[in-house]
Amino acid sequence: IQMTQSPSTLSASVGDRVTITCRASKSISSWLAWYQQKPGKAPNLLIYKASSLQSGVPSRFTGSGSGTEFTLTISSLQPDDFATYYCQQYSGYPFTFGPGTKVDI
Amino acid sequence: EVQLVESGGVVVQPGGSLRLSCAASGFNFVDYAMHWVRQPPGKGLEWVSSLSWDGDNTYYADSVKGRFTISRDDRKSSLYLQMNGLRPEDTALYYCGKDVGVAGTYIDSWGQGTLVTVSS
């Protein structure tokens, strides 16, 4: 299953509402996770099962979608949110990640 | 607190072999599937391999199938990745990841990675 993300880079300001799209080459139901990665750090789980918020993740992050199209929305961008975001499907092996979306200033 | 500490990454020549280790603590290791994910310098994440909680089921990316072997030692709470026939395109930071459950889904805890460089 191929995963694509758009845009590849997103320039935004603090306080902006940001939306990232992830598409699967075939239906994955809701078997999708979102991760955030900051430079020099390991990824961090944000969302699982397309829309479930991982414990400890701020509520400004929301996930939605099912089937082949998914979105990650940050309701009000904070300085700590400038990072690269990846989607990952776990509908079946081999698992696959999207190419990433870099959110910068 | 969950901790995953990878080790074993070095510079190795093409065609060489290497074994990566991941020492786990802070959770009951025997109850969870585990994963390896890699990231080439400056690039995105690539899933490499997964192992079920009981070690009975292994899964590999096509790019490493037949060359890499994932295994676990529950007595030592450790995950391994035996890498043979290494290629320059295997150069990456290799992360160990803990699954949320037994079968293999998504990763809820990550190590800090160990760097493998394949170069002559």
# chains A, B, ... in the order shown; residues from 1 in each chain; ligands from 1
>>> interface_residues(of="chain A", to="chain B", cutoff="7 Å", atoms="only C-alpha atoms", output="list in words")
Ala33, Lys41, Ala42, Pro43, Leu45, Tyr90, Pro94, Phe95, Thr96, Phe97, Pro99 and Gly100 of chain A
>>> residues_around(residues="Pro40 in chain B", least_positions_apart="6", cutoff="9 Å", atoms="only C-alpha atoms", output="number ranges by chain")
B: 46, 89-94
>>> residues_around(residues="range 53-69 of chain A", least_positions_apart="3", cutoff="7 Å", atoms="only C-alpha atoms", output="MDAnalysis selection string")
chainID A and resid 22:30 45:48 50 72:76
>>> select_by_dssp(residues="range 9-116 of chain B", states="helix (DSSP H, G or I)", output="list in words")
Phe29, Val30, Asp31, Pro88, Glu89 and Asp90 of chain B
>>> residues_around(residues="Ser71 in chain B", least_positions_apart="2", cutoff="9 Å", atoms="only C-alpha atoms", output="JSON, numbers by chain")
{"B": [51, 55, 58, 69, 73, 78, 79, 80, 81, 82]}
>>> residues_around(residues="Ala33 in chain B", least_positions_apart="4", cutoff="7 Å", atoms="only C-alpha atoms", output="list in words")
Leu51, Ser52, Trp53, Lys98, Asp99, Gly101, Val102, Ala103 and Gly104 of chain B
>>> select_by_dssp(residues="chain B", states="strand (DSSP E)", output="PyMOL selection string")
chain B and resi 3-7+11-12+18-25+34-39+46-51+58-60+68-73+78-83+92-99+107-110+114-118
